[in-house]
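**Student:** So here's entry-v7.txt, just compact mmCIF, C-alpha atoms and all ligand atoms:
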# COMPACT_ATOMS: atom_id res chain seq x y z
CA MET V 15 18.17 0.19 -20.22
CA SER V 16 18.63 -3.11 -18.40
CA GLU V 17 17.64 -6.06 -20.59
CA ARG V 18 17.37 -8.18 -17.45
CA LEU V 19 14.82 -5.81 -15.93
CA ILE V 20 12.80 -5.64 -19.16
CA ARG V 21 12.69 -9.44 -19.39
CA THR V 22 11.64 -9.70 -15.76
CA LEU V 23 8.82 -7.22 -16.36
CA VAL V 24 7.72 -9.00 -19.55
CA ALA V 25 7.41 -12.23 -17.54
CA GLU V 26 5.67 -10.39 -14.70
CA PHE V 27 3.13 -8.72 -17.00
CA GLN V 28 2.46 -12.07 -18.70
CA LEU V 29 1.58 -13.44 -15.25
CA CYS V 30 -0.81 -10.48 -15.01
CA GLY V 31 -2.49 -11.63 -18.22
CA VAL V 32 -1.51 -8.69 -20.41
CA ARG V 33 -2.86 -9.38 -23.89
CA LYS V 34 -2.05 -8.14 -27.37
CA SER V 35 -3.83 -4.81 -27.99
CA GLU V 36 -4.91 -4.49 -24.36
CA VAL V 37 -4.92 -0.87 -23.15
CA CYS V 38 -2.33 -0.64 -20.38
CA ALA V 39 -1.21 2.40 -18.38
CA VAL V 40 2.05 3.16 -16.66
CA LEU V 41 1.31 5.56 -13.80
CA SER V 42 4.30 7.27 -12.21
CA ASP V 43 5.31 10.51 -10.53
CA ALA V 44 8.35 12.74 -10.48
CA GLY V 45 10.00 10.50 -7.86
CA THR V 46 9.75 7.28 -9.92
CA ARG V 47 13.01 5.68 -11.07
CA ASP V 48 13.53 6.37 -14.77
CA ASP V 49 14.78 2.84 -15.43
CA LEU V 50 11.63 1.34 -13.96
CA ARG V 51 9.36 3.65 -15.95
CA THR V 52 11.11 3.07 -19.29
CA ALA V 53 11.51 -0.68 -18.74
CA SER V 54 7.79 -0.97 -17.90
CA MET V 55 6.83 0.77 -21.14
CA GLU V 56 9.26 -1.34 -23.14
CA ALA V 57 7.93 -4.57 -21.60
CA LEU V 58 4.34 -3.61 -22.47
CA LEU V 59 5.33 -2.79 -26.04
CA ARG V 60 7.08 -6.16 -26.40
CA LEU V 61 3.79 -7.76 -25.40
CA ASP V 62 2.05 -5.73 -28.15
CA ALA V 63 -0.11 -3.94 -25.60
CA HIS V 64 -1.49 -0.47 -26.32
CA ALA V 65 0.55 1.32 -23.67
CA PHE V 66 0.45 4.92 -22.49
CA GLN V 67 1.79 6.89 -19.54
CA VAL V 68 0.38 9.19 -16.90
CA VAL V 69 3.07 11.10 -15.03
CA LEU V 70 2.05 13.01 -11.92
CA PRO V 71 4.06 15.77 -10.24
CA GLU V 72 6.16 15.21 -7.16
CA VAL V 73 4.23 13.90 -4.19
CA VAL V 74 3.04 16.59 -1.83
CA GLY V 75 1.47 15.69 1.43
CA GLU V 76 1.73 15.77 5.15
CA PRO V 77 5.32 15.06 6.12
CA THR V 78 5.91 12.22 8.56
CA GLY V 79 9.37 13.34 9.53
CA SER V 80 10.76 10.40 7.58
CA GLY V 81 10.86 12.13 4.22
CA ARG V 82 8.12 9.79 3.08
CA GLN V 83 4.45 10.54 2.89
CA SER V 84 2.30 8.99 5.55
CA GLU V 85 1.22 5.51 4.53
CA GLN V 86 -2.27 5.48 5.86
CA VAL V 87 -3.73 8.82 4.94
CA GLY V 88 -3.63 8.59 1.17
CA GLN V 89 -3.54 12.23 0.11
CA GLY V 90 -3.54 11.24 -3.55
CA GLN V 91 -3.46 13.50 -6.56
CA LEU V 92 -5.48 11.53 -9.06
CA HIS V 93 -8.94 12.29 -7.73
CA ARG V 94 -8.22 15.99 -8.33
CA ILE V 95 -7.15 15.43 -11.97
CA ALA V 96 -10.25 14.03 -13.66
CA PRO V 97 -8.79 13.49 -17.17
CA ALA V 98 -5.94 11.40 -15.77
CA LEU V 99 -8.33 9.38 -13.63
CA THR V 100 -10.64 8.83 -16.60
CA ALA V 101 -7.77 7.65 -18.81
CA LEU V 102 -6.72 5.15 -16.16
CA GLN V 103 -10.30 3.98 -15.66
CA GLN V 104 -10.35 2.95 -19.30
CA SER V 105 -7.26 0.77 -18.92
CA GLY V 106 -7.37 -2.96 -18.29
CA PHE V 107 -4.02 -3.04 -16.54
CA ILE V 108 -2.40 -0.24 -14.55
CA ILE V 109 1.23 -0.40 -13.48
CA ASP V 110 1.48 1.88 -10.46
CA LEU V 111 5.00 3.23 -10.00
CA THR V 112 4.01 6.19 -7.81
CA THR V 113 6.24 6.87 -4.85
CA SER V 114 4.00 7.88 -1.97
CA PHE V 115 4.36 4.96 0.42
CA GLY V 116 2.27 2.10 -0.94
CA GLY V 117 1.28 4.07 -4.05
CA LEU V 118 -2.36 3.54 -5.02
CA ILE V 119 -2.89 1.11 -2.14
CA HIS V 120 -3.78 4.00 0.16
CA ASP V 121 -4.97 6.42 -2.50
CA PRO V 122 -8.57 7.69 -2.50
CA ALA V 123 -8.69 6.93 -6.27
CA ARG V 124 -7.99 3.24 -5.76
CA ASP V 125 -11.58 2.05 -5.53
CA ALA V 126 -12.66 4.23 -8.48
CA LEU V 127 -10.10 2.36 -10.60
CA LEU V 128 -10.77 -1.13 -9.27
CA GLU V 129 -14.54 -0.69 -9.69
CA LYS V 130 -14.01 -0.31 -13.43
CA GLY V 131 -12.30 -3.69 -13.49
CA ALA V 132 -8.68 -2.61 -13.75
CA ARG V 133 -5.91 -4.88 -12.55
CA ILE V 134 -3.48 -2.73 -10.58
CA LEU V 135 0.11 -3.73 -9.93
CA HIS V 136 2.15 -1.56 -7.59
CA ILE V 137 5.94 -1.67 -8.03
CA ALA V 138 8.34 0.39 -5.95
CA GLU V 139 11.39 -1.77 -5.39
CA HIS V 140 14.97 -1.61 -6.65
CA PRO V 141 15.43 -3.49 -9.98
CA ASP V 142 17.82 -5.97 -8.33
CA ILE V 143 15.02 -7.03 -5.98
CA LEU V 144 12.53 -7.34 -8.87
CA CYS V 145 14.90 -9.45 -10.96
CA ARG V 146 15.42 -11.86 -8.04
CA MET V 147 11.79 -12.18 -7.00
CA LEU V 148 9.61 -12.99 -10.00
CA PRO V 149 6.54 -14.73 -8.55
CA ASP V 150 4.87 -17.86 -9.91
CA GLU V 151 1.66 -19.86 -9.71
CA ASP V 152 3.03 -21.95 -6.85
CA LEU V 153 3.39 -18.84 -4.67
CA ARG V 154 -0.15 -17.82 -5.55
CA ARG V 155 -1.45 -21.26 -4.62
CA ARG V 156 0.36 -21.23 -1.27
CA VAL V 157 -0.82 -17.68 -0.45
CA GLU V 158 -4.43 -18.54 -1.36
CA GLU V 159 -4.22 -21.67 0.77
CA ALA V 160 -2.90 -19.61 3.70
CA VAL V 161 -5.72 -17.07 3.23
CA GLY V 162 -8.19 -19.97 3.43
CA LYS V 163 -6.64 -21.24 6.68
CA LEU V 164 -6.62 -17.77 8.20
CA ARG V 165 -10.27 -17.16 7.26
CA ALA V 166 -11.30 -20.49 8.73
CA ALA V 167 -9.45 -20.03 12.04
CA SER V 168 -10.82 -18.57 15.27
CA ILE V 169 -7.64 -17.88 17.24
CA MET V 170 -4.08 -17.03 16.18
CA ARG V 171 -1.38 -17.45 18.79
CA VAL V 172 2.18 -16.23 18.32
CA THR V 173 5.11 -17.18 20.55
CA SER V 174 8.89 -16.84 20.51
CA GLU V 175 11.88 -17.66 22.69
CA ALA V 176 12.47 -13.92 22.98
CA GLY V 177 9.24 -13.69 24.99
CA THR V 178 6.46 -13.03 22.49
CA ASP V 179 3.14 -14.52 23.54
CA LEU V 180 0.30 -12.90 21.66
CA THR V 181 -3.28 -14.07 21.20
CA ILE V 182 -5.44 -12.73 18.38
CA ASN V 183 -9.14 -13.45 18.14
CA LEU V 184 -9.82 -13.81 14.40
CA ARG V 185 -13.62 -13.68 14.57
CA GLY V 186 -14.73 -10.84 12.32
CA ALA V 187 -11.20 -10.26 10.97
CA VAL V 188 -10.77 -9.15 7.36
CA VAL V 189 -8.18 -11.36 5.67
CA ASN V 190 -6.30 -10.90 2.44
CA GLY V 191 -3.17 -12.13 0.71
CA LEU V 192 -0.74 -10.70 -1.83
CA TYR V 193 1.29 -12.94 -4.12
CA GLY V 194 3.00 -10.52 -6.46
CA PHE V 195 0.83 -10.43 -9.60
CA THR V 196 -2.80 -9.94 -10.55
CA ASP V 197 -4.74 -11.41 -13.44
CA GLU V 198 -8.23 -10.88 -11.97
CA PRO V 199 -10.20 -7.76 -12.94
CA GLY V 200 -10.67 -5.38 -10.01
CA ARG V 201 -7.78 -6.77 -7.98
CA LEU V 202 -4.63 -4.99 -6.77
CA ASP V 203 -1.33 -6.68 -5.98
CA VAL V 204 2.27 -5.65 -5.36
CA PHE V 205 5.45 -6.93 -7.02
CA PRO V 206 7.09 -8.56 -5.17
CA ALA V 207 4.88 -9.93 -2.39
CA GLY V 208 3.94 -13.27 -0.84
CA PHE V 209 2.23 -12.94 2.53
CA VAL V 210 -1.14 -13.04 4.25
CA ALA V 211 -2.62 -10.43 6.58
CA ALA V 212 -5.59 -10.33 8.93
CA TYR V 213 -7.10 -7.06 10.14
CA PRO V 214 -8.66 -8.10 13.45
CA ALA V 215 -12.01 -6.76 14.63
CA ARG V 216 -12.11 -4.59 17.76
CA ASP V 217 -10.95 -5.96 21.13
CA SER V 218 -9.18 -8.96 19.61
CA VAL V 219 -5.46 -8.64 20.36
CA ASN V 220 -3.81 -9.25 23.73
CA GLY V 221 -0.43 -10.27 25.07
CA LYS V 222 3.25 -9.50 24.64
CA LEU V 223 5.21 -8.87 21.49
CA VAL V 224 8.99 -8.85 21.89
CA LEU V 225 10.87 -7.39 18.94
CA ASN V 226 14.35 -8.84 18.91
CA THR V 227 17.76 -7.94 17.50
CA ALA V 228 17.77 -8.05 13.65
CA ASP V 229 13.98 -7.99 13.33
CA ILE V 230 13.01 -5.32 10.82
CA ASP V 231 11.15 -2.05 11.28
CA LEU V 232 9.63 -0.76 8.04
CA ASN V 233 8.69 2.58 9.56
CA PHE V 234 12.27 3.60 10.35
CA MET V 235 13.47 1.27 7.58
CA ARG V 236 16.18 -0.34 9.69
CA LEU V 237 17.14 -3.50 11.48
CA ILE V 238 16.21 -3.45 15.15
CA ASP V 239 19.25 -3.13 17.41
CA GLY V 240 17.94 -4.78 20.57
CA PRO V 241 14.83 -6.01 22.35
CA VAL V 242 11.67 -3.90 22.48
CA GLU V 243 8.91 -5.34 24.65
CA LEU V 244 5.40 -4.28 23.71
CA THR V 245 2.47 -4.99 25.99
CA ILE V 246 -0.80 -5.14 24.05
CA GLU V 247 -4.17 -4.92 25.78
CA ASN V 248 -7.44 -4.98 23.81
CA ASP V 249 -5.58 -4.11 20.59
CA TYR V 250 -3.58 -1.20 22.04
CA ILE V 251 0.11 -1.06 22.90
CA THR V 252 -0.01 0.07 26.51
CA ARG V 253 3.71 -0.25 27.35
CA ILE V 254 6.90 -0.03 25.26
CA GLU V 255 9.80 -1.31 27.35
CA GLY V 256 13.50 -1.77 26.71
CA ASP V 257 16.67 0.28 26.59
CA SER V 258 17.73 -0.43 23.01
CA THR V 259 17.98 2.53 20.66
CA HIS V 260 14.95 1.10 18.92
CA ALA V 261 12.85 1.09 22.07
CA HIS V 262 13.65 4.78 22.53
CA LEU V 263 12.82 5.53 18.88
CA MET V 264 9.47 3.75 19.03
CA ARG V 265 8.42 5.36 22.33
CA ASP V 266 9.27 8.86 21.12
CA TYR V 267 7.90 8.51 17.59
CA MET V 268 4.59 6.93 18.55
CA ALA V 269 4.02 9.58 21.22
CA SER V 270 4.92 12.39 18.81
CA TRP V 271 1.71 11.91 16.82
CA GLY V 272 -0.53 12.52 19.80
CA GLU V 273 -2.97 9.97 18.35
CA LYS V 274 -4.55 7.22 20.46
CA ASP V 275 -4.82 4.92 17.44
CA ALA V 276 -1.08 5.19 16.76
CA TYR V 277 -0.83 2.50 19.46
CA ALA V 278 -3.50 0.21 18.02
CA THR V 279 -3.08 -3.07 16.13
CA SER V 280 -3.35 -2.75 12.37
CA HIS V 281 -2.70 -6.19 10.83
CA VAL V 282 -1.07 -9.54 11.64
CA GLY V 283 0.10 -12.34 9.37
CA TRP V 284 3.05 -14.27 8.03
CA GLY V 285 5.35 -14.43 5.00
CA LEU V 286 5.42 -17.20 2.40
CA ASN V 287 7.92 -16.15 -0.26
CA LYS V 288 10.92 -18.46 -0.36
CA LYS V 289 12.78 -16.20 -2.76
CA ALA V 290 12.89 -13.42 -0.16
CA ARG V 291 16.13 -12.99 1.78
CA TRP V 292 16.32 -11.43 5.19
CA THR V 293 19.68 -9.90 4.31
CA GLY V 294 18.25 -8.40 1.11
CA PHE V 295 16.87 -5.50 3.13
CA ALA V 296 20.33 -4.50 4.39
CA PHE V 297 21.60 -3.64 0.92
CA PHE V 298 19.18 -0.86 0.06
CA SER V 299 18.57 2.63 1.33
CA PRO V 300 15.03 3.70 2.27
CA HIS V 301 14.37 5.54 -0.99
CA GLU V 302 15.20 2.39 -3.01
CA THR V 303 12.74 0.00 -1.37
CA GLU V 304 9.40 -0.23 0.40
CA GLY V 305 10.54 -3.37 2.21
CA MET V 306 8.29 -5.86 0.41
CA GLU V 307 10.99 -8.52 0.58
CA ALA V 308 11.01 -8.35 4.39
CA ARG V 309 7.19 -8.46 4.53
CA ALA V 310 7.15 -11.53 2.29
CA PHE V 311 10.07 -13.42 3.88
CA ALA V 312 9.00 -17.05 4.30
CA GLY V 313 8.27 -17.85 7.94
CA ASN V 314 8.28 -14.32 9.29
CA PHE V 315 5.54 -13.05 11.59
CA LEU V 316 4.39 -9.60 10.50
CA PHE V 317 2.86 -7.40 13.16
CA SER V 318 1.61 -3.98 12.23
CA SER V 319 0.49 -1.06 14.37
CA GLY V 320 -1.70 1.93 13.55
CA ALA V 321 -4.74 2.27 11.30
CA ASN V 322 -7.24 -0.55 10.82
CA ARG V 323 -10.24 0.82 8.95
CA PHE V 324 -12.11 -2.45 9.49
CA ALA V 325 -12.02 -1.73 13.22
CA GLY V 326 -12.80 1.98 12.67
CA ARG V 327 -9.32 3.21 13.61
CA TYR V 328 -7.22 5.80 11.78
CA SER V 329 -3.72 7.07 12.42
CA HIS V 330 -0.82 8.65 10.59
CA CYS V 331 1.62 6.40 12.44
CA HIS V 332 2.08 2.92 10.97
CA PHE V 333 4.74 0.36 11.80
CA ASP V 334 5.16 -2.85 9.78
CA LEU V 335 7.41 -5.11 11.85
CA PRO V 336 8.55 -8.36 10.18
CA MET V 337 9.90 -10.64 12.91
CA ARG V 338 11.99 -13.78 12.74
CA ASN V 339 12.05 -16.92 14.88
CA CYS V 340 8.39 -16.77 15.92
CA SER V 341 5.91 -19.65 15.98
CA VAL V 342 2.40 -19.00 14.66
CA TYR V 343 -0.55 -21.25 15.50
CA LEU V 344 -4.08 -21.22 14.07
CA ASP V 345 -6.43 -22.90 16.55
CA ASP V 346 -3.36 -24.67 18.03
CA VAL V 347 -2.19 -25.95 14.62
CA PRO V 348 1.25 -24.55 13.74
CA VAL V 349 1.73 -22.79 10.40
CA VAL V 350 5.16 -21.40 11.34
CA VAL V 351 7.53 -22.96 13.88
CA ASP V 352 10.55 -21.02 15.11
CA GLY V 353 10.52 -18.94 11.95
CA ASN V 354 10.12 -21.86 9.54
CA LEU V 355 7.04 -22.50 7.42
CA VAL V 356 5.14 -25.71 8.19
CA GLU V 357 4.31 -27.42 4.90
FE FE V 401 1.10 -2.31 6.99
Could you render the structure as structure tokens?
**Tutor:**
Amino acid sequence: MSERLIRTLVAEFQLCGVRKSEVCAVLSDAGTRDDLRTASMEALLRLDAHAFQVVLPEVVGEPTGSGRQSEQVGQGQLHRIAPALTALQQSGFIIDLTTSFGGLIHDPARDALLEKGARILHIAEHPDILCRMLPDEDLRRRVEEAVGKLRAASIMRVTSEAGTDLTINLRGAVVNGLYGFTDEPGRLDVFPAGFVAAYPARDSVNGKLVLNTADIDLNFMRLIDGPVELTIENDYITRIEGDSTHAHLMRDYMASWGEKDAYATSHVGWGLNKKARWTGFAFFSPHETEGMEARAFAGNFLFSSGANRFAGRYSHCHFDLPMRNCSVYLDDVPVVVDGNLVE
């Protein structure tokens, strides 16, 4: 067992306010890395918590063609296994190591757990990433400040030299931020994280989004090989242009679902984590990471297509697209300029 990983998790769980004798659960499934599961238990025991495990079977669900379960549908197993759900509901802190994409984030059981006051921490990254990216109070402060700015703003505008020029009306948007730990009852976070996201209301997003070489696609889990020009009208991608391999992949894959809302806008925001490296993503295969480092990369612009339940849209097809070298303005005030955070 890696001592470095255990120490990282001890520090992480301390940030999450784990107390002596607190009842804490490690939730995993058959796909969870053994080192992560055992190190999580060991870290809780070193903190003198009363720790136990719930281990679910292998994830079964609607295949997406990627080998991963669809992110937005949340098949979930827990709500069908009442004793497991009850045990978790009686825990103050739940470490979610399940391997359906996003774990409990998209699970129907999520709210039933949060309502009881649990703190939920989802972890699904390679130990090397975890050991590099321990969050701190400064990241939390900066994310909360960014959430405040985003909530107060009316218009977000995003531009880039590659040709992006997107306008997002933020009136009625639902805004949240993740900073990589959670010490508030009833709150979920992900380790690592460090970004803000707005889910715009209906008819709020218009313009052009130009994905450029070496931007990241967290649906196909790969670096983009050449420009893809998306035209967005009233939230929906109406044209996907370009001759890069990636343009072909996106056109074919989005169409393959036969769902109108596959083309809709899901969420928009930017990354704030200075520990995140763009190149970090290139070292790991898709089953070793969910791409949180790319989502959190300081100064990225993160555009996401597909479901947005706050706008009443649902789809199986979800792209998270962290982009570099964009400028992001809130009511004409820059928060990111050419891919660099304004501070
Ligand atoms: Fe997303």
**Student:** Using all atoms listed in the file, which protein or nucleic acid residues come within 7 Å of Leu70 of chain V? Drop anything in the same chain fewer than 5 positions from it, and give the result as a PDB file with C-alpha atoms, keeping the file's coordinate frame.
**Tutor:**
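Below is the file out-v2.pdb, written as the result:
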ATOM      1  CA  SER V  42       4.300   7.270 -12.210  1.00  0.00           C
ATOM      2  CA  ASP V  43       5.310  10.510 -10.530  1.00  0.00           C
ATOM      3  CA  ALA V  44       8.350  12.740 -10.480  1.00  0.00           C
TER       4      ALA V  44
END
**Student:** For atom CA of Asp229 of chain V and atom CA of Ala261 of chain V, quote the distance in Å rounded to one decimal.
**Tutor:** 12.7 Å
**Student:** Just how far from atom CA of Ile108 of chain V is atom CA of Ala39 of chain V, in Å to one decimal?
**Tutor:**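 Value for the atom CA of Ala39 of chain V-atom CA of Ile108 of chain V distance: 4.8 Å.
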**Student:** Within 12 Å of Thr52 of chain V, counting all atoms listed in the file, which residues show up once you throw out same-chain ones fewer than 3 positions away? Write them as a list in words, please.
**Tutor:**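 Contacts, with the query itself left out: Met15, Ser16, Glu17, Leu19, Ile20, Leu23, Val40, Leu41, Ser42, Thr46, Arg47, Asp48, Asp49, Met55, Glu56, Ala57, Leu58, Leu59, Ala65, Phe66, Gln67, Ile109 and Leu111 of chain V.
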**Student:** In file coordinates, which residues lie within 9 Å of (-1.8, -4.7, 7.0) using all atoms listed in the file, given as a PyMOL selection string?
**Tutor:** chain V and resi 190+210-213+280-283+316-319+321-322+334
**Student:** Just C-alpha atoms for this one: save the residues we selected as a CSV table (one decimal), in the coordinates of the input.
**Tutor:**
chain,number,residue,atom,x,y,z
V,190,ASN,CA,-6.3,-10.9,2.4
V,210,VAL,CA,-1.1,-13.0,4.2
V,211,ALA,CA,-2.6,-10.4,6.6
V,212,ALA,CA,-5.6,-10.3,8.9
V,213,TYR,CA,-7.1,-7.1,10.1
V,280,SER,CA,-3.4,-2.8,12.4
V,281,HIS,CA,-2.7,-6.2,10.8
V,282,VAL,CA,-1.1,-9.5,11.6
V,283,GLY,CA,0.1,-12.3,9.4
V,316,LEU,CA,4.4,-9.6,10.5
V,317,PHE,CA,2.9,-7.4,13.2
V,318,SER,CA,1.6,-4.0,12.2
V,319,SER,CA,0.5,-1.1,14.4
V,321,ALA,CA,-4.7,2.3,11.3
V,322,ASN,CA,-7.2,-0.6,10.8
V,334,ASP,CA,5.2,-2.8,9.8
**Student:** Need to verify the contact set: Phe311 of chain V, 7 Å, all atoms listed in the file, exclusion of same-chain residues closer than 3 positions in sequence. Can you return it as a list in words?
**Tutor:**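 Everything that qualifies: Gly285, Leu286, Asn287, Lys288, Ala290, Arg291, Trp292, Glu307, Ala308 and Asn314 of chain V.
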**Student:** Please provide as number ranges by chain all residues within 10 Å of Arg18 of chain V, with the sequence filter that same-chain residues fewer than 5 positions apart are discarded (counting all atoms listed in the file).
**Tutor:** V: 23-24, 53, 141-142, 144-145
**Student:** Just to confirm, what's the straight-line distance from atom CA of Ala132 of chain V to atom CA of Ser105 of chain V in Å (one decimal)?
**Tutor:**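 Spanning atom CA of Ala132 of chain V to atom CA of Ser105 of chain V is a straight-line distance of 6.3 Å.
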**Student:** Counting all atoms listed in the file, figure out which residue out of V:Ile119, V:Phe298, V:Asp249, V:Leu135 gets nearest to ligand FE 401 (chain V).
**Tutor:**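 Of all the options, V:Ile119 lies closest to ligand FE 401 (chain V).
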**Student:** Using all atoms listed in the file, determine which residues lie at most 7 Å from Gly106 of chain V, disregarding the query and same-chain residues fewer than 6 positions distant; provide the list as a PDB file with C-alpha atoms, in the coordinates of the input.
**Tutor:**
ATOM      1  CA  GLU V  36      -4.910  -4.490 -24.360  1.00  0.00           C
ATOM      2  CA  VAL V  37      -4.920  -0.870 -23.150  1.00  0.00           C
ATOM      3  CA  CYS V  38      -2.330  -0.640 -20.380  1.00  0.00           C
ATOM      4  CA  GLY V 131     -12.300  -3.690 -13.490  1.00  0.00           C
ATOM      5  CA  ALA V 132      -8.680  -2.610 -13.750  1.00  0.00           C
ATOM      6  CA  ARG V 133      -5.910  -4.880 -12.550  1.00  0.00           C
TER       7      ARG V 133
END
**Student:** When distances are computed from all atoms listed in the file, which of V:Phe205, V:Glu243, V:Gly116, V:Val224 shows the smallest separation from ligand FE 401 (chain V)?
**Tutor:** V:Gly116
**Student:** With only C-alpha atoms as the atoms that count, which of V:Gly272, V:Gly221, V:Gly191, V:Gly31 lies nearest to Glu247 of chain V?
**Tutor:**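 The closest residue to Glu247 of chain V is V:Gly221.
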**Student:** Would you be able to write out as a ChimeraX atom specification which residues have an atom within 10 Å of (0.8, 9.3, 13.8) in the file's coordinates, counting all atoms listed in the file?
**Tutor:** /V:78,84,86-87,267-277,320-321,328-333
**Student:** Which is closer to Arg154 of chain V than all the others in V:Leu192, V:Met235, V:Ala126, V:Ile251, using all atoms listed in the file?
**Tutor:** V:Leu192
**Student:** Taking all atoms listed in the file into account, name the residue in V:Asp197, V:Asp346, V:Glu304, V:Asp257 that is nearest to ligand FE 401 (chain V).
**Tutor:**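 For ligand FE 401 (chain V), the nearest of the candidates is V:Glu304.
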**Student:** So, with only C-alpha atoms and all ligand atoms as the atoms that count, which of V:Leu223, V:Met306, V:Val157, V:Ala312 lies closest to ligand FE 401 (chain V)?
**Tutor:**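 Of all the options, V:Met306 lies closest to ligand FE 401 (chain V).
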**Student:** Can you write segment 322-342 of chain V from the block above with N, CA and C atoms, as an mmCIF file, in the first residue's frame?
**Tutor:**
data_model
loop_
_atom_site.group_PDB
_atom_site.id
_atom_site.type_symbol
_atom_site.label_atom_id
_atom_site.label_comp_id
_atom_site.auth_asym_id
_atom_site.auth_seq_id
_atom_site.Cartn_x
_atom_site.Cartn_y
_atom_site.Cartn_z
ATOM 1 N N ASN V 322 -29.111 19.454 -19.332
ATOM 2 C CA ASN V 322 -29.133 20.574 -18.380
ATOM 3 C C ASN V 322 -30.506 20.521 -17.729
ATOM 4 N N ARG V 323 -30.584 19.839 -16.591
ATOM 5 C CA ARG V 323 -31.908 19.618 -15.986
ATOM 6 C C ARG V 323 -32.549 20.918 -15.553
ATOM 7 N N PHE V 324 -31.724 21.963 -15.328
ATOM 8 C CA PHE V 324 -32.299 23.243 -14.922
ATOM 9 C C PHE V 324 -32.995 23.944 -16.094
ATOM 10 N N ALA V 325 -32.686 23.500 -17.304
ATOM 11 C CA ALA V 325 -33.381 24.030 -18.479
ATOM 12 C C ALA V 325 -34.341 22.974 -19.034
ATOM 13 N N GLY V 326 -34.548 21.883 -18.282
ATOM 14 C CA GLY V 326 -35.495 20.845 -18.693
ATOM 15 C C GLY V 326 -35.019 20.018 -19.877
ATOM 16 N N ARG V 327 -33.701 19.797 -19.972
ATOM 17 C CA ARG V 327 -33.178 19.036 -21.121
ATOM 18 C C ARG V 327 -32.421 17.806 -20.620
ATOM 19 N N TYR V 328 -32.638 16.690 -21.317
ATOM 20 C CA TYR V 328 -32.005 15.428 -20.920
ATOM 21 C C TYR V 328 -31.432 14.738 -22.138
ATOM 22 N N SER V 329 -30.241 14.189 -21.980
ATOM 23 C CA SER V 329 -29.612 13.470 -23.091
ATOM 24 C C SER V 329 -28.592 12.489 -22.543
ATOM 25 N N HIS V 330 -28.362 11.428 -23.290
ATOM 26 C CA HIS V 330 -27.306 10.480 -22.921
ATOM 27 C C HIS V 330 -25.932 10.999 -23.328
ATOM 28 N N CYS V 331 -25.907 11.952 -24.236
ATOM 29 C CA CYS V 331 -24.651 12.379 -24.868
ATOM 30 C C CYS V 331 -24.132 13.637 -24.165
ATOM 31 N N HIS V 332 -22.957 13.557 -23.577
ATOM 32 C CA HIS V 332 -22.448 14.682 -22.793
ATOM 33 C C HIS V 332 -20.957 14.879 -23.079
ATOM 34 N N PHE V 333 -20.636 16.051 -23.584
ATOM 35 C CA PHE V 333 -19.226 16.393 -23.822
ATOM 36 C C PHE V 333 -18.789 17.450 -22.816
ATOM 37 N N ASP V 334 -17.716 17.212 -22.073
ATOM 38 C CA ASP V 334 -17.039 18.264 -21.323
ATOM 39 C C ASP V 334 -15.795 18.622 -22.121
ATOM 40 N N LEU V 335 -15.635 19.903 -22.440
ATOM 41 C CA LEU V 335 -14.595 20.317 -23.382
ATOM 42 C C LEU V 335 -13.727 21.426 -22.784
ATOM 43 N N PRO V 336 -12.745 21.085 -21.962
ATOM 44 C CA PRO V 336 -11.840 22.128 -21.441
ATOM 45 C C PRO V 336 -10.995 22.710 -22.577
ATOM 46 N N MET V 337 -11.011 24.048 -22.671
ATOM 47 C CA MET V 337 -10.327 24.740 -23.767
ATOM 48 C C MET V 337 -9.274 25.695 -23.215
ATOM 49 N N ARG V 338 -8.191 25.796 -23.945
ATOM 50 C CA ARG V 338 -7.129 26.730 -23.542
ATOM 51 C C ARG V 338 -7.200 28.010 -24.365
ATOM 52 N N ASN V 339 -6.472 29.013 -23.888
ATOM 53 C CA ASN V 339 -6.250 30.261 -24.640
ATOM 54 C C ASN V 339 -7.522 31.037 -24.957
ATOM 55 N N CYS V 340 -8.551 30.881 -24.126
ATOM 56 C CA CYS V 340 -9.759 31.687 -24.286
ATOM 57 C C CYS V 340 -9.715 32.862 -23.313
ATOM 58 N N SER V 341 -10.507 33.892 -23.630
ATOM 59 C CA SER V 341 -10.748 34.990 -22.687
ATOM 60 C C SER V 341 -12.205 34.924 -22.266
ATOM 61 N N VAL V 342 -12.435 35.112 -20.955
ATOM 62 C CA VAL V 342 -13.790 35.026 -20.405
ATOM 63 C C VAL V 342 -14.106 36.341 -19.707
#
